[in-house]
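Below is data-v8.cif, holding mmCIF, C-alpha atoms.
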```cif
data_structure
#
loop_
_atom_site.group_PDB
_atom_site.id
_atom_site.type_symbol
_atom_site.label_atom_id
_atom_site.label_comp_id
_atom_site.auth_asym_id
_atom_site.auth_seq_id
_atom_site.Cartn_x
_atom_site.Cartn_y
_atom_site.Cartn_z
ATOM 1 C CA MET A 1 6.705 -3.885 5.648
ATOM 2 C CA ASN A 2 3.507 -4.466 7.585
ATOM 3 C CA ALA A 3 3.373 -5.457 11.229
ATOM 4 C CA PRO A 4 3.722 -9.196 11.918
ATOM 5 C CA ASN A 5 0.521 -11.226 12.035
ATOM 6 C CA PRO A 6 1.142 -14.320 14.204
ATOM 7 C CA THR A 7 -0.816 -17.482 13.464
ATOM 8 C CA ALA A 8 -0.548 -20.286 15.971
ATOM 9 C CA GLY A 9 -0.097 -23.812 14.706
ATOM 10 C CA PRO A 10 -1.716 -26.837 16.366
ATOM 11 C CA ARG A 11 -0.439 -28.600 19.427
ATOM 12 C CA GLY A 12 2.529 -30.753 18.422
ATOM 13 C CA ALA A 13 3.818 -28.373 15.748
ATOM 14 C CA GLU A 14 7.425 -27.232 16.015
ATOM 15 C CA THR A 15 7.728 -24.647 18.792
ATOM 16 C CA ALA A 16 10.206 -22.416 16.925
ATOM 17 C CA GLU A 17 8.396 -19.635 15.131
ATOM 18 C CA LEU A 18 8.577 -19.678 11.315
ATOM 19 C CA ARG A 19 8.844 -16.237 9.741
ATOM 20 C CA LEU A 20 6.820 -15.931 6.538
ATOM 21 C CA LEU A 21 7.875 -13.264 4.054
ATOM 22 C CA VAL A 22 4.918 -12.813 1.715
ATOM 23 C CA ALA A 23 5.805 -11.047 -1.527
ATOM 24 C CA ALA A 24 3.757 -8.118 -2.790
ATOM 25 C CA PRO A 25 2.742 -7.733 -5.500
ATOM 26 C CA ARG A 26 1.719 -11.339 -6.094
ATOM 27 C CA GLY A 27 -1.169 -13.217 -7.653
ATOM 28 C CA PHE A 28 -3.717 -11.848 -10.092
ATOM 29 C CA CYS A 29 -2.717 -9.156 -12.574
ATOM 30 C CA ALA A 30 -5.033 -6.825 -14.501
ATOM 31 C CA GLY A 31 -5.085 -9.065 -17.582
ATOM 32 C CA VAL A 32 -6.075 -12.131 -15.576
ATOM 33 C CA ASP A 33 -8.724 -10.210 -13.652
ATOM 34 C CA ARG A 34 -10.177 -8.987 -16.931
ATOM 35 C CA ALA A 35 -10.180 -12.411 -18.600
ATOM 36 C CA ILE A 36 -11.938 -14.124 -15.705
ATOM 37 C CA ARG A 37 -14.473 -11.308 -15.482
ATOM 38 C CA ILE A 38 -15.189 -11.658 -19.207
ATOM 39 C CA VAL A 39 -16.162 -15.321 -18.750
ATOM 40 C CA GLU A 40 -18.297 -14.490 -15.704
ATOM 41 C CA LEU A 41 -20.100 -11.680 -17.535
ATOM 42 C CA ALA A 42 -20.603 -13.852 -20.624
ATOM 43 C CA LEU A 43 -22.274 -16.472 -18.427
ATOM 44 C CA GLU A 44 -24.501 -13.800 -16.884
ATOM 45 C CA ARG A 45 -25.443 -12.364 -20.261
ATOM 46 C CA TYR A 46 -25.862 -15.499 -22.365
ATOM 47 C CA GLY A 47 -26.439 -18.172 -19.748
ATOM 48 C CA ALA A 48 -24.657 -21.511 -19.591
ATOM 49 C CA PRO A 49 -22.950 -22.982 -21.401
ATOM 50 C CA VAL A 50 -20.304 -20.548 -22.555
ATOM 51 C CA TYR A 51 -17.398 -22.196 -24.339
ATOM 52 C CA VAL A 52 -13.801 -21.094 -23.722
ATOM 53 C CA ARG A 53 -11.034 -21.962 -26.149
ATOM 54 C CA HIS A 54 -8.087 -23.100 -24.019
ATOM 55 C CA GLU A 55 -7.844 -22.450 -20.272
ATOM 56 C CA ILE A 56 -8.850 -18.819 -19.781
ATOM 57 C CA VAL A 57 -5.751 -18.484 -17.586
ATOM 58 C CA HIS A 58 -3.339 -21.172 -16.465
ATOM 59 C CA ASN A 59 -4.753 -22.082 -13.071
ATOM 60 C CA ARG A 60 -6.729 -25.228 -12.314
ATOM 61 C CA TYR A 61 -8.613 -23.670 -9.380
ATOM 62 C CA VAL A 62 -9.811 -20.785 -11.555
ATOM 63 C CA VAL A 63 -10.794 -23.109 -14.400
ATOM 64 C CA ASP A 64 -12.693 -25.463 -12.087
ATOM 65 C CA THR A 65 -14.514 -22.515 -10.475
ATOM 66 C CA LEU A 66 -15.672 -21.281 -13.881
ATOM 67 C CA LYS A 67 -16.637 -24.805 -14.929
ATOM 68 C CA ALA A 68 -18.925 -24.965 -11.903
ATOM 69 C CA GLN A 69 -20.629 -21.796 -13.179
ATOM 70 C CA GLY A 70 -21.226 -23.295 -16.618
ATOM 71 C CA ALA A 71 -18.082 -22.639 -18.642
ATOM 72 C CA ILE A 72 -16.886 -25.422 -20.938
ATOM 73 C CA PHE A 73 -13.203 -25.436 -21.863
ATOM 74 C CA VAL A 74 -12.074 -26.828 -25.214
ATOM 75 C CA GLU A 75 -8.868 -26.771 -27.222
ATOM 76 C CA SER A 76 -10.380 -26.337 -30.685
ATOM 77 C CA LEU A 77 -13.254 -24.454 -32.272
ATOM 78 C CA ASP A 78 -14.277 -27.794 -33.777
ATOM 79 C CA GLN A 79 -15.454 -28.717 -30.255
ATOM 80 C CA VAL A 80 -17.753 -25.678 -30.057
ATOM 81 C CA PRO A 81 -21.311 -26.330 -31.259
ATOM 82 C CA ASP A 82 -23.156 -23.837 -33.427
ATOM 83 C CA GLY A 83 -25.167 -21.116 -31.763
ATOM 84 C CA VAL A 84 -23.229 -20.721 -28.509
ATOM 85 C CA PRO A 85 -20.747 -17.994 -27.538
ATOM 86 C CA VAL A 86 -17.035 -18.753 -27.279
ATOM 87 C CA VAL A 87 -14.354 -16.839 -25.387
ATOM 88 C CA PHE A 88 -10.715 -16.720 -26.493
ATOM 89 C CA SER A 89 -8.210 -17.028 -23.629
ATOM 90 C CA ALA A 90 -6.007 -14.289 -22.173
ATOM 91 C CA HIS A 91 -2.980 -15.707 -24.018
ATOM 92 C CA GLY A 92 -4.233 -14.653 -27.449
ATOM 93 C CA VAL A 93 -4.978 -16.718 -30.544
ATOM 94 C CA PRO A 94 -3.698 -16.876 -34.133
ATOM 95 C CA LYS A 95 -5.670 -14.768 -36.604
ATOM 96 C CA ALA A 96 -6.994 -17.954 -38.186
ATOM 97 C CA VAL A 97 -9.081 -18.680 -35.065
ATOM 98 C CA PRO A 98 -11.429 -15.644 -35.117
ATOM 99 C CA ALA A 99 -11.543 -15.961 -38.919
ATOM 100 C CA LYS A 100 -12.808 -19.517 -38.561
ATOM 101 C CA ALA A 101 -15.316 -18.443 -35.899
ATOM 102 C CA GLU A 102 -16.667 -15.760 -38.238
ATOM 103 C CA MET A 103 -16.883 -18.241 -41.095
ATOM 104 C CA ARG A 104 -19.022 -20.489 -38.882
ATOM 105 C CA GLY A 105 -21.120 -17.590 -37.644
ATOM 106 C CA LEU A 106 -20.022 -18.097 -34.031
ATOM 107 C CA SER A 107 -20.355 -15.261 -31.561
ATOM 108 C CA TYR A 108 -16.946 -14.818 -29.936
ATOM 109 C CA ILE A 109 -15.448 -12.633 -27.218
ATOM 110 C CA ASP A 110 -11.708 -11.969 -27.227
ATOM 111 C CA ALA A 111 -10.229 -12.012 -23.700
ATOM 112 C CA THR A 112 -6.639 -11.569 -24.930
ATOM 113 C CA CYS A 113 -4.641 -9.524 -22.433
ATOM 114 C CA PRO A 114 -4.263 -5.992 -23.823
ATOM 115 C CA LEU A 115 -0.500 -6.208 -23.290
ATOM 116 C CA VAL A 116 -0.388 -9.299 -25.511
ATOM 117 C CA SER A 117 -2.560 -7.536 -28.095
ATOM 118 C CA LYS A 118 -0.018 -4.700 -28.029
ATOM 119 C CA VAL A 119 2.699 -7.168 -29.075
ATOM 120 C CA HIS A 120 0.452 -8.377 -31.900
ATOM 121 C CA ARG A 121 0.107 -4.810 -33.191
ATOM 122 C CA GLN A 122 3.858 -4.256 -32.932
ATOM 123 C CA ALA A 123 4.424 -7.410 -34.992
ATOM 124 C CA GLU A 124 2.062 -6.168 -37.700
ATOM 125 C CA ARG A 125 3.780 -2.772 -37.875
ATOM 126 C CA ALA A 126 7.258 -4.306 -38.123
ATOM 127 C CA TYR A 127 6.071 -6.679 -40.846
ATOM 128 C CA GLU A 128 4.483 -3.822 -42.792
ATOM 129 C CA ALA A 129 7.824 -1.979 -42.552
ATOM 130 C CA GLY A 130 9.489 -4.914 -44.318
ATOM 131 C CA ARG A 131 11.290 -6.288 -41.275
ATOM 132 C CA HIS A 132 11.702 -9.948 -40.365
ATOM 133 C CA ILE A 133 10.761 -10.442 -36.721
ATOM 134 C CA VAL A 134 12.799 -12.333 -34.151
ATOM 135 C CA PHE A 135 10.384 -13.370 -31.413
ATOM 136 C CA VAL A 136 11.830 -14.262 -28.008
ATOM 137 C CA GLY A 137 9.658 -16.828 -26.271
ATOM 138 C CA HIS A 138 9.038 -20.433 -25.253
ATOM 139 C CA ALA A 139 8.029 -22.805 -28.039
ATOM 140 C CA GLY A 140 4.568 -24.264 -27.626
ATOM 141 C CA HIS A 141 3.271 -21.691 -25.162
ATOM 142 C CA PRO A 142 -0.219 -20.454 -26.170
ATOM 143 C CA GLU A 143 0.922 -16.826 -26.195
ATOM 144 C CA VAL A 144 3.756 -17.690 -28.569
ATOM 145 C CA ILE A 145 1.448 -19.694 -30.836
ATOM 146 C CA GLY A 146 -0.980 -16.793 -30.893
ATOM 147 C CA THR A 147 1.686 -14.194 -31.657
ATOM 148 C CA LEU A 148 3.374 -16.232 -34.392
ATOM 149 C CA GLY A 149 -0.079 -16.723 -35.880
ATOM 150 C CA GLN A 150 -0.593 -12.995 -36.401
ATOM 151 C CA LEU A 151 1.584 -13.016 -39.520
ATOM 152 C CA PRO A 152 2.141 -15.281 -42.532
ATOM 153 C CA ASP A 153 4.343 -18.340 -42.068
ATOM 154 C CA GLY A 154 8.029 -17.457 -42.206
ATOM 155 C CA ALA A 155 7.565 -13.820 -41.161
ATOM 156 C CA MET A 156 8.814 -14.526 -37.643
ATOM 157 C CA THR A 157 11.605 -16.637 -36.179
ATOM 158 C CA LEU A 158 11.356 -17.910 -32.613
ATOM 159 C CA VAL A 159 14.439 -17.827 -30.371
ATOM 160 C CA GLU A 160 14.582 -19.221 -26.853
ATOM 161 C CA SER A 161 18.199 -18.646 -25.832
ATOM 162 C CA VAL A 162 21.433 -16.809 -26.522
ATOM 163 C CA ASP A 163 22.607 -19.909 -28.388
ATOM 164 C CA ASP A 164 19.616 -19.578 -30.716
ATOM 165 C CA VAL A 165 20.696 -16.015 -31.481
ATOM 166 C CA ALA A 166 24.132 -17.247 -32.518
ATOM 167 C CA ALA A 167 22.520 -19.709 -34.938
ATOM 168 C CA LEU A 168 20.185 -17.183 -36.586
ATOM 169 C CA ALA A 169 20.379 -16.860 -40.371
ATOM 170 C CA PRO A 170 17.845 -14.130 -41.225
ATOM 171 C CA PRO A 171 16.940 -13.329 -44.843
ATOM 172 C CA ASP A 172 18.251 -9.743 -44.439
ATOM 173 C CA PRO A 173 20.328 -9.020 -41.321
ATOM 174 C CA GLU A 174 19.817 -5.283 -41.862
ATOM 175 C CA MET A 175 16.014 -5.514 -41.718
ATOM 176 C CA LEU A 176 15.196 -7.143 -38.400
ATOM 177 C CA ALA A 177 12.939 -6.377 -35.449
ATOM 178 C CA PHE A 178 12.579 -8.208 -32.150
ATOM 179 C CA LEU A 179 9.616 -8.732 -29.849
ATOM 180 C CA THR A 180 9.196 -10.835 -26.723
ATOM 181 C CA GLN A 181 6.649 -12.993 -24.950
ATOM 182 C CA THR A 182 5.177 -11.093 -22.008
ATOM 183 C CA THR A 183 5.846 -13.702 -19.291
ATOM 184 C CA LEU A 184 9.571 -14.386 -19.628
ATOM 185 C CA SER A 185 12.454 -14.131 -17.183
ATOM 186 C CA VAL A 186 13.528 -10.492 -17.127
ATOM 187 C CA ASP A 187 17.190 -11.456 -16.745
ATOM 188 C CA ASP A 188 17.201 -14.142 -19.451
ATOM 189 C CA THR A 189 15.396 -11.858 -21.871
ATOM 190 C CA ARG A 190 17.846 -9.045 -21.235
ATOM 191 C CA ASP A 191 20.710 -11.403 -22.122
ATOM 192 C CA ILE A 192 19.004 -12.533 -25.332
ATOM 193 C CA VAL A 193 18.182 -8.974 -26.415
ATOM 194 C CA THR A 194 21.758 -7.898 -25.675
ATOM 195 C CA ALA A 195 23.006 -10.742 -27.878
ATOM 196 C CA LEU A 196 20.593 -9.733 -30.657
ATOM 197 C CA ARG A 197 21.704 -6.100 -30.549
ATOM 198 C CA HIS A 198 25.365 -7.126 -30.530
ATOM 199 C CA ARG A 199 25.022 -9.431 -33.522
ATOM 200 C CA PHE A 200 22.539 -7.266 -35.445
ATOM 201 C CA PRO A 201 23.238 -3.594 -34.586
ATOM 202 C CA THR A 202 20.417 -2.309 -36.812
ATOM 203 C CA ILE A 203 17.717 -4.480 -35.217
ATOM 204 C CA THR A 204 14.744 -2.527 -33.909
ATOM 205 C CA GLY A 205 12.508 -3.287 -30.961
ATOM 206 C CA PRO A 206 10.273 -1.779 -28.309
ATOM 207 C CA ARG A 207 11.749 0.813 -25.954
ATOM 208 C CA GLY A 208 11.566 -1.771 -23.215
ATOM 209 C CA GLU A 209 11.132 -5.511 -23.622
ATOM 210 C CA ASP A 210 7.515 -6.623 -23.923
ATOM 211 C CA ILE A 211 7.615 -8.444 -20.580
ATOM 212 C CA CYS A 212 4.510 -7.184 -18.818
ATOM 213 C CA TYR A 213 4.574 -5.018 -15.719
ATOM 214 C CA ALA A 214 3.075 -7.784 -13.568
ATOM 215 C CA THR A 215 5.685 -10.361 -14.584
ATOM 216 C CA SER A 216 8.511 -7.894 -13.899
ATOM 217 C CA ASN A 217 7.016 -6.776 -10.588
ATOM 218 C CA ARG A 218 6.564 -10.335 -9.311
ATOM 219 C CA GLN A 219 10.118 -11.270 -10.234
ATOM 220 C CA ASP A 220 11.421 -8.134 -8.504
ATOM 221 C CA ALA A 221 9.380 -8.998 -5.414
ATOM 222 C CA VAL A 222 10.963 -12.468 -5.269
ATOM 223 C CA LYS A 223 14.426 -10.937 -5.650
ATOM 224 C CA ALA A 224 13.655 -8.641 -2.721
ATOM 225 C CA ILE A 225 12.919 -11.492 -0.297
ATOM 226 C CA ALA A 226 14.690 -14.612 -1.600
ATOM 227 C CA GLY A 227 18.046 -13.655 -0.084
ATOM 228 C CA ASP A 228 16.447 -13.547 3.375
ATOM 229 C CA CYS A 229 14.626 -16.862 2.981
ATOM 230 C CA ASP A 230 15.745 -20.427 3.622
ATOM 231 C CA ARG A 231 13.140 -21.673 1.146
ATOM 232 C CA MET A 232 10.539 -20.254 -1.255
ATOM 233 C CA ILE A 233 7.077 -21.463 -2.174
ATOM 234 C CA VAL A 234 5.551 -20.259 -5.452
ATOM 235 C CA ILE A 235 1.819 -20.792 -5.905
ATOM 236 C CA GLY A 236 0.931 -21.425 -9.535
ATOM 237 C CA ALA A 237 0.278 -24.010 -12.213
ATOM 238 C CA PRO A 238 2.983 -26.128 -13.878
ATOM 239 C CA ASN A 239 1.901 -24.749 -17.279
ATOM 240 C CA SER A 240 2.041 -21.132 -16.065
ATOM 241 C CA SER A 241 5.075 -19.458 -17.636
ATOM 242 C CA ASN A 242 5.213 -16.541 -15.209
ATOM 243 C CA SER A 243 4.952 -18.874 -12.189
ATOM 244 C CA LEU A 244 7.793 -21.067 -13.434
ATOM 245 C CA ARG A 245 9.937 -17.965 -13.899
ATOM 246 C CA LEU A 246 9.416 -17.068 -10.217
ATOM 247 C CA VAL A 247 10.772 -20.466 -9.198
ATOM 248 C CA GLU A 248 13.799 -19.891 -11.428
ATOM 249 C CA VAL A 249 14.436 -16.439 -9.960
ATOM 250 C CA ALA A 250 14.536 -17.815 -6.414
ATOM 251 C CA ASP A 251 16.673 -20.801 -7.395
ATOM 252 C CA ARG A 252 19.215 -18.550 -9.093
ATOM 253 C CA MET A 253 19.547 -16.569 -5.892
ATOM 254 C CA GLY A 254 20.473 -19.792 -4.111
ATOM 255 C CA THR A 255 17.123 -20.238 -2.380
ATOM 256 C CA PRO A 256 15.522 -23.670 -2.863
ATOM 257 C CA SER A 257 12.014 -23.152 -4.223
ATOM 258 C CA HIS A 258 8.926 -25.235 -4.906
ATOM 259 C CA LEU A 259 5.949 -24.726 -7.209
ATOM 260 C CA VAL A 260 2.648 -25.738 -5.602
ATOM 261 C CA GLN A 261 -0.938 -25.512 -6.801
ATOM 262 C CA ARG A 262 -2.787 -25.986 -3.492
ATOM 263 C CA GLY A 263 -2.145 -26.130 0.224
ATOM 264 C CA THR A 264 -2.304 -29.915 0.022
ATOM 265 C CA ASP A 265 0.916 -29.852 -2.033
ATOM 266 C CA ILE A 266 2.958 -28.618 0.941
ATOM 267 C CA ASP A 267 5.547 -31.181 2.065
ATOM 268 C CA PRO A 268 6.145 -30.895 5.832
ATOM 269 C CA ALA A 269 9.804 -31.800 5.208
ATOM 270 C CA TRP A 270 10.232 -28.399 3.508
ATOM 271 C CA LEU A 271 9.423 -26.694 6.811
ATOM 272 C CA THR A 272 11.896 -28.440 9.085
ATOM 273 C CA ASP A 273 15.123 -26.748 10.150
ATOM 274 C CA ILE A 274 14.255 -23.416 8.517
ATOM 275 C CA THR A 275 13.544 -20.060 10.125
ATOM 276 C CA THR A 276 12.257 -17.999 7.177
ATOM 277 C CA LEU A 277 9.950 -19.065 4.338
ATOM 278 C CA GLY A 278 9.147 -16.912 1.326
ATOM 279 C CA ILE A 279 5.726 -17.112 -0.335
ATOM 280 C CA THR A 280 4.539 -15.660 -3.628
ATOM 281 C CA ALA A 281 2.006 -16.448 -6.334
ATOM 282 C CA GLY A 282 2.025 -16.305 -10.109
ATOM 283 C CA ALA A 283 -0.220 -13.866 -11.967
ATOM 284 C CA SER A 284 -2.931 -16.509 -12.536
ATOM 285 C CA ALA A 285 -3.190 -17.627 -8.903
ATOM 286 C CA PRO A 286 -5.996 -16.130 -6.768
ATOM 287 C CA GLU A 287 -5.374 -14.790 -3.283
ATOM 288 C CA THR A 288 -7.575 -17.503 -1.790
ATOM 289 C CA LEU A 289 -4.858 -20.023 -2.708
ATOM 290 C CA VAL A 290 -2.221 -17.896 -0.968
ATOM 291 C CA ARG A 291 -4.277 -18.023 2.221
ATOM 292 C CA GLU A 292 -4.819 -21.758 1.758
ATOM 293 C CA VAL A 293 -1.062 -22.355 1.507
ATOM 294 C CA ILE A 294 -0.317 -20.199 4.549
ATOM 295 C CA ASP A 295 -2.961 -22.091 6.516
ATOM 296 C CA ALA A 296 -1.374 -25.397 5.417
ATOM 297 C CA VAL A 297 2.054 -24.205 6.575
ATOM 298 C CA SER A 298 0.631 -23.101 9.928
ATOM 299 C CA VAL A 299 -0.598 -26.646 10.536
ATOM 300 C CA HIS A 300 3.022 -27.710 10.876
ATOM 301 C CA ARG A 301 4.700 -24.575 12.251
ATOM 302 C CA ARG A 302 3.762 -21.567 14.330
ATOM 303 C CA VAL A 303 4.106 -18.693 11.875
ATOM 304 C CA THR A 304 4.440 -14.929 11.775
ATOM 305 C CA GLU A 305 3.551 -13.186 8.496
ATOM 306 C CA GLU A 306 5.286 -10.144 7.066
ATOM 307 C CA ILE A 307 4.133 -8.546 3.802
ATOM 308 C CA VAL A 308 7.078 -7.196 1.802
ATOM 309 C CA LEU A 309 5.802 -4.573 -0.640
ATOM 310 C CA THR A 310 8.060 -3.664 -3.566
ATOM 311 C CA ALA A 311 5.578 -2.032 -5.975
ATOM 312 C CA GLU A 312 2.040 -0.700 -6.083
ATOM 313 C CA GLU A 313 -0.139 -1.952 -8.946
ATOM 314 C CA THR A 314 -3.101 0.147 -10.065
ATOM 315 C CA MET A 315 -3.503 -1.082 -13.653
ATOM 316 C CA VAL A 316 -7.080 -1.837 -14.748
ATOM 317 C CA PHE A 317 -8.054 -2.913 -18.275
ATOM 318 C CA LYS A 318 -11.382 -2.068 -19.885
ATOM 319 C CA LEU A 319 -13.815 -4.838 -20.666
ATOM 320 C CA PRO A 320 -14.799 -5.517 -24.291
ATOM 321 C CA ARG A 321 -17.552 -3.255 -25.593
ATOM 322 C CA GLY A 322 -20.968 -4.700 -24.863
ATOM 323 C CA LEU A 323 -19.853 -6.744 -21.849
ATOM 324 C CA GLU A 324 -19.795 -3.977 -19.261
ATOM 325 C CA PRO A 325 -21.770 -5.027 -16.184
ATOM 326 C CA THR A 326 -25.166 -3.361 -15.879
ATOM 327 C CA ALA A 327 -25.808 -1.135 -12.883
ATOM 328 C CA ALA A 328 -27.703 -2.757 -10.054
#
```

Could I get this structure in the form of structure tokens?
Amino acid sequence: MNAPNPTAGPRGAETAELRLLVAAPRGFCAGVDRAIRIVELALERYGAPVYVRHEIVHNRYVVDTLKAQGAIFVESLDQVPDGVPVVFSAHGVPKAVPAKAEMRGLSYIDATCPLVSKVHRQAERAYEAGRHIVFVGHAGHPEVIGTLGQLPDGAMTLVESVDDVAALAPPDPEMLAFLTQTTLSVDDTRDIVTALRHRFPTITGPRGEDICYATSNRQDAVKAIAGDCDRMIVIGAPNSSNSLRLVEVADRMGTPSHLVQRGTDIDPAWLTDITTLGITAGASAPETLVREVIDAVSVHRRVTEEIVLTAEETMVFKLPRGLEPTAA
């Protein structure tokens, strides 16, 4: 734990000092860093506009920053004109999307997180081995849509809960495999996988669940501080799966928590009659928003910051071939 870093609030703020426990790791992960960098490098190489299918990552601040640089975000390839490059988001896309881009002669760059691509390859191998795949994830999430779209219709069955496991009626209970979305609750996923293994003893799966290191680390970091906090603030977008899971983790530990996107979302009522506030950020939220939220809190209370480090992250993913930045 680092030494406290006091920040004085303005005259009129509550005189009692508010202790801030700031989780680490927090914020950007390697996959998000890579995806954003891909859009930036595409803009440098090709010039504006560069089209991006879906939000590159689920964070409005990041998307708006890239828009200001010349990125145009769309939800369908039909919205991409001929002759311009298009980037696929970090969440991954169904195989039909790059196939359609190739059919139209579009130049595309795949920013899918390598850990999501790993799940795609695992799905293909299980399918080739003749296994029906049970995919644990949240219906409608872009990563789930992309993963289900790696195989023919009917090759995978989505489950979201232990109750869904109980209702499963697979074509051959002896030939099953499971995979998981990368941004799920570690605890919920463990329960679902346990239920799958109990009901289908011959089911195969990865050595560990496919929940990515960054998702696991951020949930562990919240668990490390939530018990010492009167309230938690999670910085992230409402459509960010990993950010929503952080709110759930804190709530389950009995610590009221709030998801905010910017410092302006802070409700002063959250800061009254508390002595310790926890702060973290989802994997798509930049550090500048963490500082913005802390500054917003310090407007209302005199604060002392403590960084609580639970894991070191050194993961770096390679950029797609041909997009490496040129030496200065």

- Message: Which residues are near segment 248-262 of chain A? Cut-off 7 Å, all atoms listed in the file, ignore same chain within fewer than 5 positions. Put them as a ChimeraX atom specification.
- Response: /A:219,222-223,226-227,229-237,289,293

- Message: Report, in Å to a single decimal, how far apart atom CA of Gly27 of chain A and atom CA of Phe135 of chain A are.
- Response: 26.4 Å

- Item | Å distance separating atom CA of Val87 of chain A from atom CA of Phe73 of chain A, one decimal place | 9.4 Å

- Of the candidates A:Leu319, A:Val84, A:Ala96, A:Val247, which shows the shortest atom-to-atom distance to Ala30 of chain A, using only C-alpha atoms?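 Ranking A:Leu319, A:Val84, A:Ala96, A:Val247 by distance to Ala30 of chain A, first place goes to A:Leu319.
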
Mind telling me what the PyMOL selection byres ((chain A and resi 308) around 8) catches here, as an mmCIF file with C-alpha atoms, keeping the file's coordinate frame?
```
data_model
loop_
_atom_site.group_PDB
_atom_site.id
_atom_site.type_symbol
_atom_site.label_atom_id
_atom_site.label_comp_id
_atom_site.auth_asym_id
_atom_site.auth_seq_id
_atom_site.Cartn_x
_atom_site.Cartn_y
_atom_site.Cartn_z
ATOM 1 C CA MET A 1 6.705 -3.885 5.648
ATOM 2 C CA ASN A 2 3.507 -4.466 7.585
ATOM 3 C CA LEU A 21 7.875 -13.264 4.054
ATOM 4 C CA VAL A 22 4.918 -12.813 1.715
ATOM 5 C CA ALA A 23 5.805 -11.047 -1.527
ATOM 6 C CA ALA A 24 3.757 -8.118 -2.790
ATOM 7 C CA ALA A 221 9.380 -8.998 -5.414
ATOM 8 C CA ILE A 225 12.919 -11.492 -0.297
ATOM 9 C CA GLU A 306 5.286 -10.144 7.066
ATOM 10 C CA ILE A 307 4.133 -8.546 3.802
ATOM 11 C CA LEU A 309 5.802 -4.573 -0.640
ATOM 12 C CA THR A 310 8.060 -3.664 -3.566
#
```

- Task: Quick one: everything within 8 Å of Ala111 of chain A, counting all atoms listed in the file, minus sequence neighbours fewer than 6 positions away in the same chain. Send it as number ranges by chain.
- Result: A: 34-35, 38, 56, 87-90, 92, 320

- Query: What does the distance from atom CA of Arg197 of chain A to atom CA of Pro142 of chain A come to in Å, to one decimal?
  - Reply: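 Between atom CA of Arg197 of chain A and atom CA of Pro142 of chain A the gap works out to 26.6 Å.
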
With all atoms listed in the file counted and 12 Å as the cut-off, give the residues of segment 185-207 of chain A in contact with segment 120-123 of chain A, each with its shortest interatomic distance in Å and the pair that gives it, as JSON lines.
```
{"residue": "A:Thr204", "atom": "CA", "partner": "A:Gln122", "partner_atom": "CA", "distance": 11.1}
{"residue": "A:Gly205", "atom": "CA", "partner": "A:Gln122", "partner_atom": "CA", "distance": 8.9}
{"residue": "A:Pro206", "atom": "CA", "partner": "A:Gln122", "partner_atom": "CA", "distance": 8.3}
{"residue": "A:Arg207", "atom": "CA", "partner": "A:Gln122", "partner_atom": "CA", "distance": 11.7}
```

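If only C-alpha atoms are the atoms counted, then among A:Arg37, A:Arg190, A:Arg302, A:Arg199 the closest residue to Ile109 of chain A is A:Arg37.
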
- Can you give me, as a ChimeraX atom specification, the residues this file yields under the PyMOL selection byres ((chain A and resi 294) around 12)? /A:5-9,18-22,233-235,260,262-266,271,277-281,287-293,295-306

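With all atoms listed in the file as the atoms that count, the residue of A:Asn217, A:Ser161, A:Thr180, A:Ser284 with the shortest distance to Ile192 of chain A is A:Ser161.
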
- For Asp188 of chain A: contacts at 10 Å, all atoms listed in the file, fewer than 2 positions along chain excluded, given as a list of chain:residue names: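 The residues satisfying every condition are A:Glu160, A:Ser161, A:Val162, A:Leu184, A:Ser185, A:Val186, A:Arg190, A:Asp191, A:Ile192, A:Val193, A:Thr194, A:Arg245.
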
- Within 12 Å of (5.2, -5.9, -39.5) (coordinates as in the file), grab all the protein and nucleic acid residues, counting only C-alpha atoms, and write them out as number ranges by chain. A: 119-134, 147-148, 150-152, 155-156, 175-179, 204-205

- Which of these residues is nearest to Pro173 of chain A, using only C-alpha atoms: A:Ala214, A:Cys113, A:Leu196, A:Val32? A:Leu196

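Against the coordinates shown, the PyMOL selection byres ((chain A and resi 273) around 10) returns Glu14, Ala16, Leu18, Asp230, Ala269, Trp270, Leu271, Thr272, Ile274, Thr275 and Thr276 of chain A.
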
Kindly save the residues from that selection, with C-alpha atoms included, as a tab-separated table (two decimals), in the coordinates of the input.
```tsv
chain	number	residue	atom	x	y	z
A	14	GLU	CA	7.42	-27.23	16.02
A	16	ALA	CA	10.21	-22.42	16.92
A	18	LEU	CA	8.58	-19.68	11.32
A	230	ASP	CA	15.74	-20.43	3.62
A	269	ALA	CA	9.80	-31.80	5.21
A	270	TRP	CA	10.23	-28.40	3.51
A	271	LEU	CA	9.42	-26.69	6.81
A	272	THR	CA	11.90	-28.44	9.09
A	274	ILE	CA	14.26	-23.42	8.52
A	275	THR	CA	13.54	-20.06	10.12
A	276	THR	CA	12.26	-18.00	7.18
```

Calculate, to one decimal in Å, the centre and edge lengths of the box along x, y and z of the file that holds all listed atoms of segment 289-302 of chain A with 6 Å of margin on each side, and present them as AutoDock Vina command-line options.
```
--center_x -0.1 --center_y -22.8 --center_z 5.8 --size_x 21.6 --size_y 21.8 --size_z 29.0
```

- Item | Given only C-alpha atoms as the counted atoms, nearest of A:Gly154, A:Val93, A:Pro49, A:Ser243 to Ala283 of chain A |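 Ranking A:Gly154, A:Val93, A:Pro49, A:Ser243 by distance to Ala283 of chain A, first place goes to A:Ser243.
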
- Find the residue from A:Pro85, A:Glu174, A:Phe317, A:Arg60 that sits nearest to Thr202 of chain A; use all atoms listed in the file when measuring. A:Glu174
